[in-house]
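Visitor: Next up is a structure, given as C-alpha cells.
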Amino acid sequence: MTYAPMAVMQPTTHNRAAETPLPPHAQITYMERTSSELPVTEFFRIERPSFDPATGEARFFYRLNDLSFTETLQLPMGADAAMAVSPAFAKLLGLTGLVLGVSYFKLRAPFAIEAPEIALTDAERAFVIDVYENGLGEFYARNELSRFGKLSLVAPTDPGARQPALDLPDRTLLPIGGGKDSLVSVDLLTHTGVDFTPFAVNPKGPILTSVAAIGTAPLYVTRTLDPEMIRLGKEPGYYNGHVPSTAINSMIAALCALLYGYSQIVLSNERSASEGNVVFDGRETNHQYSKSLGFELLIADTLANATGGALKYFSLLRPYSEARIASLFTQSTKFDAVFSSCNRNFRLTGNDGPLWCGECPKCHFVFLIFAPFMKKERLLAIFGKNLLDEPKNEHSFRELAGLTGQKPWECVGEILEAAACFYTLTRHADWHEDAVVRAVKADLFAQYGEEKLQLAMAECLTDSRDHHIPPALAAKVAAYAV
C-alpha cells in the first residue's frame with residue numbers, strides 16, 4: 001500500500017471554525033489507490049429473511065455469485081407475537097438482513113447488489129448504500145478497492161415514507177461493549193433515574209464481567225455467521241477486512257426493541273469517533289464510521305421512519321471527547337477489575353488472556369487518556385504495567401499523537417486530543433519523567449506549539465452541542481456530569 005505525502009484537513013465537527021488553524025501536519029493521511037476491477041457479471045443478492053417467534057430464531061439468506069450463505073440470530077424467548085408479524089418489524093427485519101450482508105458481500109465486493117424481495121424507500125436505499133460504501137470504507141482502503149459511488153442496489157420501491165406509529169413502552173436498551181464508554185453511560189443513566197436493560201450480541205469476556213458488575217438482567221442475542229464465509233475469508237481470491245459492527249449490532253438491537261418493548265436505544269459513542277483515518281479514493285474513510293455522528297443521524301432517521309417515530313436512537317456520550325469520558329470514568333472504581341477496551345481479545349473465537357495486552361494502539365490510547373485524570377497507582381493496577389515507561393511503545397504513541405505515520409485503524413480518539421493529553425503529562429509530576437513522555441516532548445512542542453496544545457486540552461474538557469440527545473435527558477446528564 002502506497003502512502004502519499006501528508007496534507008492538512010480541517011475537521012468538520014466540534015465547531016472548530018473559530019479556532020486557530022491546525023498545526024502544519026496532517027490530521028488525515030491521503031492514500032493512493034490502485035485499480036481493482038471485477039467482472040461485471042459478479043453480484044451479491046440478499047434474500048428475504050425469516051423470523052420464527054416460537055423459537056426466537058431469525059434467518060438471513062445470501063448469494064454471492066454461485067455461493068450461498070445462511071446466518072442466524074437467536075433471540076430470547078418471549079417475543080411479542082403481534083409485533084413479530086407487524087409491518088414495522090418486517091421492515092426492520094429486511095433492513096437488518098441488508099446490513100448484516102456486508103460480512104458476505106466483502107468476500108468479493110462486487111459492484112451489483114440485489115434485494116429482489118425487500119422493498120425500500122428512497123431514504124432506506126440511501127441508508128443501505130451508505131452502509132456498503134462508508135461503512136466499508138476501511139475495508140476498501142486497506143484492500144485498495146475502488147467502490148465509492150460505483151455500487152448499484154436493485155430492489156423494489158416502497159412508496160411509503162413512514163410506517164404507522166407503534167406503541168412502545170418507555171424503556172431503554174443500552175448496548176454494552178465491555179469498555180469504559182458504555183460503563184460511563186451506565187453511571188449517567190443510573191444517576192439521572194433512567195432504567196435500562198444491558199444489551200449485547202455474542203457477549204464474552206469483559207462484556208459478561210461488566211454486566212455482572214452492573215447487576216441488571218441483560219438481553220443477549222447470539223449471532224452465528226455462516227462458517228463457509230469465515231473459511232473463504234482466509235482463502236486466496238477472496239477479501240477480508242473490517243465491517244461496521246456498530247451498524248450491525250444496532251440493527252439487531254432495533255429488532256429486539258420492537259419484540260421486547262423498548263422505545264429507545266442508547267449508544268455510547270463519543271464525538272471523537274467522527275474523525276476519519278485516511279482519505280482514499282477521494283473520500284475520507286473512518287474505522288469508526290458507524291459510530292460517527294453522521295451515521296447516527298442517518299440510522300436514527302431510518303429507525304424512526306420504520307416505526308412511525310416510536311423508536312429513538314442516539315448516543316449519550318456524543319457531547320464528550322475521549323478525554324472527558326476518561327475523566328468521568330475515574331469518579332468510580334466499580335468497574336476497574338472487569339472492563340477492557342483492548343480489541344486483541346475480542347475475536348470470533350472469543351476472549352482469552354489478560355484484559356489488556358498492553359501492546360496494541362487501543363491499549364496505548366486508553367492508557368494515555370486516563371493518565372491525566374487517574375492516580376498513577378490505580379492506572380498501573382488496571383493495566384499491570386506502565387505503558388508510558390516502555391521505550392518499545394514510543395512509535396505507537398507517536399502515531400496516536402500525529403507525530404508520525406497515520407492514525408491507527410482502531411477505535412481511538414482524535415489526533416489532537418492525544419497530543420493534548422501528552423502535553424498535560426509533560427507537566428505532570430507523576431508522568432513527566434517516563435520514557436515515552438520524555439522522548440516525544442520536543443517533537444510535540446515543535447509540531448503543535450504550547451498554546452495550541454493548551455487550547456486543545458481545554459476543548460477536550462468542553463462539552464459539544466453537536467448531538468441529538470432528547471433535551472430533557474441532556475439537561476439531566478449535563479447537571480450530573482460536572
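We label chains A, B, ... in the order they appear in the C-alpha cells, count residues from 1 in each chain, and number ligands from 1 in the order shown.
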Could you pull out the strand (DSSP E or B) residues of segment 68-277 of chain A, going by DSSP on the backbone, and write them as a PDB file with N, CA and C atoms, in the first residue's frame?

Guide:
ATOM      1  N   SER A  68     -23.837 -19.782  -1.654  1.00  0.00           N
ATOM      2  CA  SER A  68     -24.994 -19.499  -0.805  1.00  0.00           C
ATOM      3  C   SER A  68     -24.567 -19.495   0.662  1.00  0.00           C
ATOM      4  N   PHE A  69     -25.139 -18.570   1.444  1.00  0.00           N
ATOM      5  CA  PHE A  69     -24.812 -18.461   2.859  1.00  0.00           C
ATOM      6  C   PHE A  69     -26.088 -18.265   3.666  1.00  0.00           C
ATOM      7  N   THR A  70     -26.055 -18.753   4.903  1.00  0.00           N
ATOM      8  CA  THR A  70     -27.155 -18.541   5.838  1.00  0.00           C
ATOM      9  C   THR A  70     -26.585 -18.101   7.178  1.00  0.00           C
ATOM     10  N   GLU A  71     -27.126 -17.027   7.697  1.00  0.00           N
ATOM     11  CA  GLU A  71     -26.732 -16.541   9.019  1.00  0.00           C
ATOM     12  C   GLU A  71     -27.947 -16.612   9.932  1.00  0.00           C
ATOM     13  N   THR A  72     -27.720 -16.857  11.212  1.00  0.00           N
ATOM     14  CA  THR A  72     -28.833 -16.920  12.153  1.00  0.00           C
ATOM     15  C   THR A  72     -28.606 -15.987  13.336  1.00  0.00           C
ATOM     16  N   LEU A  73     -29.713 -15.493  13.849  1.00  0.00           N
ATOM     17  CA  LEU A  73     -29.734 -14.780  15.124  1.00  0.00           C
ATOM     18  C   LEU A  73     -30.650 -15.546  16.060  1.00  0.00           C
ATOM     19  N   GLN A  74     -30.154 -15.854  17.250  1.00  0.00           N
ATOM     20  CA  GLN A  74     -31.000 -16.475  18.256  1.00  0.00           C
ATOM     21  C   GLN A  74     -31.389 -15.415  19.269  1.00  0.00           C
ATOM     22  N   ALA A 112     -22.568  -4.970  -8.033  1.00  0.00           N
ATOM     23  CA  ALA A 112     -24.022  -5.136  -8.106  1.00  0.00           C
ATOM     24  C   ALA A 112     -24.573  -5.802  -6.849  1.00  0.00           C
ATOM     25  N   ILE A 113     -25.520  -5.122  -6.180  1.00  0.00           N
ATOM     26  CA  ILE A 113     -26.207  -5.651  -5.002  1.00  0.00           C
ATOM     27  C   ILE A 113     -27.689  -5.769  -5.364  1.00  0.00           C
ATOM     28  N   GLU A 114     -28.283  -6.908  -5.041  1.00  0.00           N
ATOM     29  CA  GLU A 114     -29.684  -7.147  -5.373  1.00  0.00           C
ATOM     30  C   GLU A 114     -30.452  -7.553  -4.119  1.00  0.00           C
ATOM     31  N   LEU A 120     -37.764  -0.978  -0.642  1.00  0.00           N
ATOM     32  CA  LEU A 120     -37.068   0.101   0.053  1.00  0.00           C
ATOM     33  C   LEU A 120     -37.598   1.452  -0.394  1.00  0.00           C
ATOM     34  N   SER A 152     -24.317  -0.425  -7.168  1.00  0.00           N
ATOM     35  CA  SER A 152     -25.728  -0.329  -7.540  1.00  0.00           C
ATOM     36  C   SER A 152     -26.539  -1.245  -6.642  1.00  0.00           C
ATOM     37  N   LEU A 153     -27.708  -0.774  -6.225  1.00  0.00           N
ATOM     38  CA  LEU A 153     -28.613  -1.553  -5.383  1.00  0.00           C
ATOM     39  C   LEU A 153     -29.950  -1.670  -6.106  1.00  0.00           C
ATOM     40  N   VAL A 154     -30.296  -2.869  -6.508  1.00  0.00           N
ATOM     41  CA  VAL A 154     -31.552  -3.121  -7.208  1.00  0.00           C
ATOM     42  C   VAL A 154     -32.525  -3.766  -6.233  1.00  0.00           C
ATOM     43  N   THR A 157     -39.375  -0.743  -5.096  1.00  0.00           N
ATOM     44  CA  THR A 157     -39.599   0.551  -4.465  1.00  0.00           C
ATOM     45  C   THR A 157     -40.769   0.484  -3.504  1.00  0.00           C
ATOM     46  N   THR A 172     -35.416   1.634  27.980  1.00  0.00           N
ATOM     47  CA  THR A 172     -34.143   1.904  27.321  1.00  0.00           C
ATOM     48  C   THR A 172     -33.322   0.634  27.168  1.00  0.00           C
ATOM     49  N   LEU A 173     -32.815   0.422  25.967  1.00  0.00           N
ATOM     50  CA  LEU A 173     -31.886  -0.670  25.679  1.00  0.00           C
ATOM     51  C   LEU A 173     -30.494  -0.065  25.534  1.00  0.00           C
ATOM     52  N   LEU A 174     -29.552  -0.539  26.335  1.00  0.00           N
ATOM     53  CA  LEU A 174     -28.210   0.043  26.378  1.00  0.00           C
ATOM     54  C   LEU A 174     -27.173  -0.984  25.941  1.00  0.00           C
ATOM     55  N   PRO A 175     -26.656  -0.904  24.719  1.00  0.00           N
ATOM     56  CA  PRO A 175     -25.589  -1.820  24.301  1.00  0.00           C
ATOM     57  C   PRO A 175     -24.352  -1.674  25.192  1.00  0.00           C
ATOM     58  N   PHE A 196     -32.687   0.934  32.538  1.00  0.00           N
ATOM     59  CA  PHE A 196     -32.179   0.418  31.273  1.00  0.00           C
ATOM     60  C   PHE A 196     -31.927  -1.075  31.369  1.00  0.00           C
ATOM     61  N   THR A 197     -31.861  -1.697  30.206  1.00  0.00           N
ATOM     62  CA  THR A 197     -31.501  -3.107  30.099  1.00  0.00           C
ATOM     63  C   THR A 197     -30.202  -3.219  29.321  1.00  0.00           C
ATOM     64  N   PRO A 198     -29.150  -3.821  29.896  1.00  0.00           N
ATOM     65  CA  PRO A 198     -27.911  -4.030  29.142  1.00  0.00           C
ATOM     66  C   PRO A 198     -28.166  -4.961  27.956  1.00  0.00           C
ATOM     67  N   PHE A 199     -27.538  -4.665  26.842  1.00  0.00           N
ATOM     68  CA  PHE A 199     -27.746  -5.441  25.614  1.00  0.00           C
ATOM     69  C   PHE A 199     -26.392  -5.769  24.997  1.00  0.00           C
ATOM     70  N   ALA A 200     -26.277  -6.979  24.437  1.00  0.00           N
ATOM     71  CA  ALA A 200     -25.048  -7.349  23.738  1.00  0.00           C
ATOM     72  C   ALA A 200     -25.330  -8.470  22.751  1.00  0.00           C
ATOM     73  N   VAL A 201     -24.541  -8.517  21.709  1.00  0.00           N
ATOM     74  CA  VAL A 201     -24.564  -9.599  20.730  1.00  0.00           C
ATOM     75  C   VAL A 201     -23.315 -10.445  20.953  1.00  0.00           C
ATOM     76  N   LEU A 219     -30.174  -8.430  28.086  1.00  0.00           N
ATOM     77  CA  LEU A 219     -30.810  -9.036  26.926  1.00  0.00           C
ATOM     78  C   LEU A 219     -29.694  -9.378  25.944  1.00  0.00           C
ATOM     79  N   TYR A 220     -29.487 -10.666  25.700  1.00  0.00           N
ATOM     80  CA  TYR A 220     -28.401 -11.120  24.844  1.00  0.00           C
ATOM     81  C   TYR A 220     -28.947 -11.771  23.566  1.00  0.00           C
ATOM     82  N   VAL A 221     -28.212 -11.604  22.488  1.00  0.00           N
ATOM     83  CA  VAL A 221     -28.524 -12.232  21.209  1.00  0.00           C
ATOM     84  C   VAL A 221     -27.296 -13.005  20.743  1.00  0.00           C
ATOM     85  N   THR A 222     -27.505 -14.200  20.226  1.00  0.00           N
ATOM     86  CA  THR A 222     -26.411 -14.988  19.668  1.00  0.00           C
ATOM     87  C   THR A 222     -26.448 -14.878  18.150  1.00  0.00           C
ATOM     88  N   ARG A 223     -25.377 -14.366  17.585  1.00  0.00           N
ATOM     89  CA  ARG A 223     -25.253 -14.253  16.129  1.00  0.00           C
ATOM     90  C   ARG A 223     -24.308 -15.340  15.632  1.00  0.00           C
ATOM     91  N   THR A 224     -24.769 -16.143  14.687  1.00  0.00           N
ATOM     92  CA  THR A 224     -23.948 -17.217  14.134  1.00  0.00           C
ATOM     93  C   THR A 224     -23.698 -16.956  12.651  1.00  0.00           C
ATOM     94  N   GLN A 264     -36.276   3.279  23.153  1.00  0.00           N
ATOM     95  CA  GLN A 264     -35.046   3.942  22.747  1.00  0.00           C
ATOM     96  C   GLN A 264     -33.827   3.038  22.918  1.00  0.00           C
ATOM     97  N   ILE A 265     -32.910   3.193  21.966  1.00  0.00           N
ATOM     98  CA  ILE A 265     -31.613   2.518  22.004  1.00  0.00           C
ATOM     99  C   ILE A 265     -30.585   3.604  22.272  1.00  0.00           C
ATOM    100  N   VAL A 266     -29.866   3.468  23.366  1.00  0.00           N
ATOM    101  CA  VAL A 266     -28.910   4.491  23.784  1.00  0.00           C
ATOM    102  C   VAL A 266     -27.490   3.977  23.562  1.00  0.00           C
ATOM    103  N   LEU A 267     -26.780   4.616  22.647  1.00  0.00           N
ATOM    104  CA  LEU A 267     -25.403   4.248  22.344  1.00  0.00           C
ATOM    105  C   LEU A 267     -24.425   5.022  23.219  1.00  0.00           C
TER     106      LEU A 267
END

Visitor: Would you mind listing what lies within 10 Å of Leu297 of chain A as a PyMOL selection string, with only C-alpha atoms counted and same-chain residues fewer than 2 positions away left out?

Guide: chain A and resi 292-295+299-302+313-315+467-468

Visitor: Extract the full set of alpha helix (DSSP H) residues from segment 113-148 of chain A according to DSSP on the backbone, and format it as a VMD selection string.

Guide: chain A and resid 122 to 133 137 to 143

Visitor: Restrict the selected residues to C-alpha atoms and save them as an mmCIF file, in the first residue's frame.

Guide:
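Resulting contents of again.cif:
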data_model
loop_
_atom_site.group_PDB
_atom_site.id
_atom_site.type_symbol
_atom_site.label_atom_id
_atom_site.label_comp_id
_atom_site.auth_asym_id
_atom_site.auth_seq_id
_atom_site.Cartn_x
_atom_site.Cartn_y
_atom_site.Cartn_z
ATOM 1 C CA ASP A 122 -35.570 6.228 -1.338
ATOM 2 C CA ALA A 123 -34.249 7.103 2.137
ATOM 3 C CA GLU A 124 -33.744 3.437 3.040
ATOM 4 C CA ARG A 125 -31.941 2.842 -0.238
ATOM 5 C CA ALA A 126 -29.570 5.708 0.580
ATOM 6 C CA PHE A 127 -29.050 4.278 4.073
ATOM 7 C CA VAL A 128 -28.104 0.847 2.734
ATOM 8 C CA ILE A 129 -25.714 2.288 0.147
ATOM 9 C CA ASP A 130 -24.106 4.351 2.921
ATOM 10 C CA VAL A 131 -23.520 1.193 4.973
ATOM 11 C CA TYR A 132 -21.968 -0.599 1.977
ATOM 12 C CA GLU A 133 -19.835 2.385 0.967
ATOM 13 C CA GLY A 137 -14.514 2.446 3.840
ATOM 14 C CA GLU A 138 -11.613 0.982 5.795
ATOM 15 C CA PHE A 139 -12.102 -2.362 4.063
ATOM 16 C CA TYR A 140 -11.863 -0.701 0.635
ATOM 17 C CA ALA A 141 -8.834 1.384 1.613
ATOM 18 C CA ARG A 142 -6.839 -1.500 3.048
ATOM 19 C CA ASN A 143 -7.683 -3.770 0.109
#

Visitor: Compile the contact shell of segment 248-262 of chain A as a ChimeraX atom specification: residues with an atom at most 8 Å away, counting only C-alpha atoms, same-chain residues fewer than 5 positions apart removed.

Guide: /A:75,78-81,83-84,89,92-93,95-96,99-100,168-173,175,199-201,303,311

Visitor: Can you work out the spacing between atom CA of Gly358 of chain A and atom CA of Gly205 of chain A in Å, to one decimal?

Guide: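 Result for atom CA of Gly358 of chain A versus atom CA of Gly205 of chain A: 16.7 Å, one decimal.
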
Visitor: Pick out the closest residue to Asn343 of chain A from this set: A:Pro116, A:Pro206, A:Gly97, A:Gly56. Count only C-alpha atoms.

Guide: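 Closest to Asn343 of chain A of all the choices is A:Pro206.
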
Visitor: Between A:Ile230, A:Pro156, A:Ala435, A:Pro76, which has the minimum distance to Asp52 of chain A (counting only C-alpha atoms)?

Guide: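 Checking each of A:Ile230, A:Pro156, A:Ala435, A:Pro76 against Asp52 of chain A, counting only C-alpha atoms, the winner is A:Pro76.
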